[in-house]
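Remarks on the structure that follows.
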Amino acid sequence: MSLRSALTDTLFLLVAASVGPIVALWTGDTYTLVTFQRILIVAVAAASLNMILGYGGMVNFGHAAFLGIGAYAVGLLANAGITNLGAHIVTVIIASGLVGLVFGAIALRTSSIFFIMITLALAQILYYLAVSSSTFGGDDGLVIDERSTLGGLYDPFDPYQFYALVAAFSVVLILMINHLVRSDFGRRLVACRDNPVRAEALGFNVFATKLSAFVLSCIFCGLAGLLLANQTEFASPDFASWRRSGELLVIVILGGTGKLYGPLIGAFAFILIEHTLSQYTTHWAIIFGPFLILAVLFFRSGLAGVMDQIFNRLGWRVQ
Amino acid sequence: MIEAGILEVRGAHKSFGGIIALDDVYLSLAPGEVHALIGPNGAGKTTLVSLICGEQELDAGEVYINRINATRLSVHARARLGLSRTYQLTQLFPDLSVGENILLSLVARDGSRLRVGQFVSERAARRFADEISCVLEEYALHDHRDALPGELSHGDRRRLELAMAIVRDPKILLLDEPLAGLSAADADALIEMIAQKLKGAIPILLIEHDMDAVFSLADTVTVLVNGKVLMTGRPDSVKASKEVQLAYLSEEDDF
């Protein structure tokens, strides 16, 4: 069963990842690859948020701060001449893990609305740190001279090769997140969300369980930031802004909170809608806002929930 | 102290603002006995239970669980010492199926600490599948394996919670008003189950309002009145005590 779910996941993710190159080859416009890269990167960030929001009940309103940490870590290293992808990955894991540990240890002393406010406040500290520090390029952000390299194995500036790297990286990260959710740890996390009183009475350490999930989620989001920095060749304070965090929450909710494929579907929907609407008007959010409200009102389990129902009617079983 | 109990409360003191909830309370649960804790409303039974479990901290005094000083330990640390309980209002995992509720309790039995392996493995569900079936069979819940706790009757929920408390293989079982809200038939069945299956096998601290149940199950009875232990003794001597009758039993019509 676990093998089956892993295969289903992989198949689904590979299909999602191949949409970009197919469209690019079809239209002959390699620039469309950039849009689909963004979808995959945002899907990783949203999936990492869904892991703690959907399964741990933690509404992290400062999740984008870790996109920022990942992006700045890559930027600072690359501009210092260290471009090896492996070094970037290790640095990002350590940096976002440590910051996540501190943020989580503080925020998890509270719950509900207080948790939301504290995560927001902590993320804003990092945002203003980035804006005010000249090392980090201040308001203008950090232009990154060099993309992460793999020791000459691939050409980071070839659009298809770069897309392949981003896609492979994203697919692996989402597979890991899905595995964590399904794991024995994931079941404990759900238990701690569902009834912390009973979980404690069974001997589960609710705080430690939630904190572990929080830190892991921050690391995954940091790695999404690594990809984002590579894609944009830029690290901007905007990556860590509360608007980004809000966007991630919107994507998770639109896709379906607590649904394994929700974040990916949400990321596709959100960015394609944004992309399409913004060709007509810069005020695309005026159209998107009501759409989101309707989606929340009528499709509680999001687009993934709608797809579940369609598949069920067709007699397929997903997840 | 000649023989220390499996659960010991020594000199417990707790006050809320100016109100003294518990004053110098001693309680000792001997291995294998059913020890009932009774007392009128507001006597401090609920406070004592939450102090034993670690939900609240003592102002003074000590709690020993399985002969280890647990006074400063958290709720989950005390659970790991072998303390298991049911609640006055059942505490289950409402979004998980009945089978998964049992599964989590079995998982807790085999080690409630976090370990690296849990992040990798997803075997627990399969490993415990047969055992879950046995437990559900034993507690007459096998028809509801995939149901959510909210879909069960009140009696079934109580049995599920009791099953979860017992399958972790505890050293001490604390039952907080297990009969509250049950129909007469369900209550009789539960008393029967406790008498048959648990009495003698696990030491039980029983907090209960139903006097018939208390006097039929208990080996020892502690009467708590206004935060003080009025008397501890065998059921018949407690029943015969003038003091207890005055303080408590006289106001209960069902006695």
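If you're wondering about the labels, chains in the structure tokens are A, B, ... by order shown, residues count from 1 in each chain, ligands from 1 in order shown.
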Would you return as a PyMOL selection string the members of region 37-214 of chain B that DSSP assigns to strand (DSSP E) on this structure's backbone? chain B and resi 37-38+60-65+68-69+83-86+172-176+204-207
Could you please write out, as a VMD selection string, every residue of region 92-318 of chain A that DSSP assigns to helix (DSSP H, G or I)? chain A and resid 92 to 107 112 to 132 138 to 140 159 to 182 184 to 194 196 to 201 206 to 232 237 to 240 242 to 255 262 to 277 285 to 298 302 to 314
Closest of B:Val221, B:Ala108, B:Leu22, B:Ile102 to Gly44 (chain B), counting only C-alpha atoms, is B:Leu22
Exercise: Ala129 (chain B) partners within 10 Å, only C-alpha atoms, chain neighbours under 5 positions left out, as a ChimeraX atom specification: /B:99-100,103,124,134
Spatial neighbours of Asn101 (chain B), max dist 12 Å, only C-alpha atoms, sep filter under 2 positions, as a compact mmCIF listing (two decimals) with N, CA and C atoms, in the first residue's frame:
# COMPACT_ATOMS: atom_id res chain seq x y z
N ARG A 187 1.04 10.49 11.76
CA ARG A 187 -0.16 10.09 12.51
C ARG A 187 -0.15 10.71 13.90
N ARG A 188 1.03 10.74 14.53
CA ARG A 188 1.14 11.38 15.85
C ARG A 188 0.82 12.86 15.76
N VAL A 190 -1.15 14.37 13.61
CA VAL A 190 -2.60 14.53 13.50
C VAL A 190 -3.27 14.33 14.86
N ALA A 191 -2.78 13.34 15.61
CA ALA A 191 -3.35 13.08 16.94
C ALA A 191 -3.17 14.29 17.84
N ASP A 194 -5.61 16.85 16.80
CA ASP A 194 -6.99 16.44 16.98
C ASP A 194 -7.44 16.55 18.43
N ASN A 195 -6.61 16.10 19.34
CA ASN A 195 -6.94 16.20 20.76
C ASN A 195 -5.67 16.19 21.60
N ARG A 198 -5.85 14.24 25.01
CA ARG A 198 -5.75 12.78 24.92
C ARG A 198 -4.34 12.36 24.52
N ALA A 199 -3.73 13.12 23.60
CA ALA A 199 -2.38 12.78 23.14
C ALA A 199 -1.41 12.79 24.32
N LEU A 202 -1.82 9.89 26.61
CA LEU A 202 -1.26 8.64 26.09
C LEU A 202 0.26 8.62 26.21
N GLN B 91 -12.41 11.86 26.12
CA GLN B 91 -11.40 12.51 25.29
C GLN B 91 -10.89 11.51 24.27
N LEU B 92 -11.37 11.67 23.02
CA LEU B 92 -10.95 10.78 21.94
C LEU B 92 -10.36 11.64 20.81
N PHE B 93 -9.90 10.97 19.75
CA PHE B 93 -9.44 11.71 18.57
C PHE B 93 -10.61 11.81 17.59
N PRO B 94 -11.33 12.93 17.57
CA PRO B 94 -12.61 12.99 16.86
C PRO B 94 -12.50 12.85 15.34
N ASP B 95 -11.37 13.24 14.74
CA ASP B 95 -11.26 13.17 13.28
C ASP B 95 -10.62 11.87 12.80
N LEU B 96 -10.31 10.98 13.74
CA LEU B 96 -9.71 9.70 13.36
C LEU B 96 -10.70 8.58 13.64
N SER B 97 -10.61 7.52 12.83
CA SER B 97 -11.56 6.42 12.98
C SER B 97 -11.35 5.70 14.32
N VAL B 98 -12.33 4.90 14.70
CA VAL B 98 -12.24 4.12 15.94
C VAL B 98 -10.99 3.25 15.92
N GLY B 99 -10.74 2.61 14.77
CA GLY B 99 -9.55 1.76 14.65
C GLY B 99 -8.27 2.54 14.86
N LEU B 103 -5.27 2.31 17.47
CA LEU B 103 -3.91 2.21 16.93
C LEU B 103 -2.96 3.15 17.67
N LEU B 104 -3.40 4.40 17.90
CA LEU B 104 -2.52 5.37 18.56
C LEU B 104 -2.20 4.93 19.98
N SER B 105 -3.17 4.30 20.62
CA SER B 105 -2.93 3.82 21.97
C SER B 105 -1.92 2.67 21.96
N LEU B 106 -2.01 1.80 20.95
CA LEU B 106 -1.05 0.71 20.82
C LEU B 106 0.35 1.24 20.51
N VAL B 107 0.39 2.26 19.66
CA VAL B 107 1.65 2.92 19.33
C VAL B 107 2.28 3.48 20.61
N ALA B 108 1.44 4.10 21.44
CA ALA B 108 1.92 4.69 22.68
C ALA B 108 2.47 3.61 23.61
N ALA B 125 0.41 1.02 11.08
CA ALA B 125 -0.98 0.64 10.78
C ALA B 125 -1.06 -0.85 10.45
N PHE B 128 -0.06 -3.30 13.53
CA PHE B 128 -1.02 -3.47 14.62
C PHE B 128 -2.41 -3.90 14.13
N ILE B 132 -5.53 -4.62 16.60
CA ILE B 132 -6.67 -3.70 16.66
C ILE B 132 -7.97 -4.50 16.56
N VAL B 135 -8.72 -6.12 19.88
CA VAL B 135 -9.20 -5.15 20.88
C VAL B 135 -10.64 -4.75 20.58
N LEU B 136 -10.93 -4.47 19.31
CA LEU B 136 -12.29 -4.04 18.95
C LEU B 136 -13.30 -5.14 19.25
N LEU B 141 -16.65 -3.39 19.71
CA LEU B 141 -16.66 -2.20 18.84
C LEU B 141 -16.34 -2.58 17.40
N HIS B 144 -17.65 -0.95 14.28
CA HIS B 144 -17.46 0.50 14.11
C HIS B 144 -16.03 0.86 13.77
N ARG B 145 -15.24 -0.11 13.31
CA ARG B 145 -13.81 0.14 13.10
C ARG B 145 -13.54 1.40 12.27
N ASP B 146 -14.30 1.62 11.21
CA ASP B 146 -14.03 2.77 10.33
C ASP B 146 -14.89 3.98 10.64
N ALA B 147 -15.74 3.85 11.69
CA ALA B 147 -16.59 4.99 12.05
C ALA B 147 -15.78 6.02 12.81
N LEU B 148 -16.26 7.27 12.81
CA LEU B 148 -15.64 8.30 13.62
C LEU B 148 -16.27 8.24 15.02
N PRO B 149 -15.50 8.61 16.05
CA PRO B 149 -16.04 8.56 17.41
C PRO B 149 -17.37 9.30 17.55
N ARG B 157 -18.67 5.16 23.03
CA ARG B 157 -17.53 6.10 23.18
C ARG B 157 -16.80 5.85 24.50
N LEU B 160 -14.78 2.80 24.15
CA LEU B 160 -13.60 3.06 23.32
C LEU B 160 -12.52 3.75 24.15
N GLU B 161 -12.93 4.74 24.96
CA GLU B 161 -11.94 5.45 25.77
C GLU B 161 -11.30 4.51 26.79
N LEU B 162 -12.14 3.67 27.39
CA LEU B 162 -11.63 2.70 28.36
C LEU B 162 -10.64 1.75 27.68
N ALA B 163 -11.00 1.30 26.48
CA ALA B 163 -10.11 0.41 25.73
C ALA B 163 -8.78 1.10 25.47
N MET B 164 -8.84 2.38 25.06
CA MET B 164 -7.60 3.11 24.78
C MET B 164 -6.74 3.25 26.03
N ALA B 165 -7.42 3.45 27.17
CA ALA B 165 -6.66 3.61 28.42
C ALA B 165 -6.01 2.29 28.84
N VAL B 167 -5.34 -0.62 26.74
CA VAL B 167 -4.42 -1.35 25.84
C VAL B 167 -2.99 -0.81 25.91
N ARG B 168 -2.79 0.37 26.50
CA ARG B 168 -1.41 0.84 26.65
C ARG B 168 -0.69 0.09 27.75
Residues of chain B within 6 Å of chain A, using only C-alpha atoms, as a PyMOL selection string? chain B and resi 75-76+79-80+91+93+112+118-119+121-122
Report the distance between CA of Ala304 (chain A) and CA of Pro290 (chain A) in Å, rounded to one decimal place.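 Answer for the CA of Ala304 (chain A) to CA of Pro290 (chain A) separation: 19.2 Å.
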Which neighbours of Leu173 (chain B) fall inside 6 Å, counting only C-alpha atoms, when residues of the same chain fewer than 5 positions from it are skipped, and could you give them as a list in words? Ser84, Arg85 and Ile204 of chain B
Excluding region 225-228 of chain B and its own-chain neighbours fewer than 2 positions away, which residues fall within 12 Å of it when counting only C-alpha atoms? Please give them as a ChimeraX atom specification. /B:11-16,19-27,37-48,222-223,230-232,243-249
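The gap separating CA of Phe288 (chain A) from CA of Leu248 (chain A) is 14.7 Å, in Å to one decimal.
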Quote the spacing between CA of Phe162 (chain A) and CA of Ala43 (chain A) in Å to one decimal place. 17.4 Å
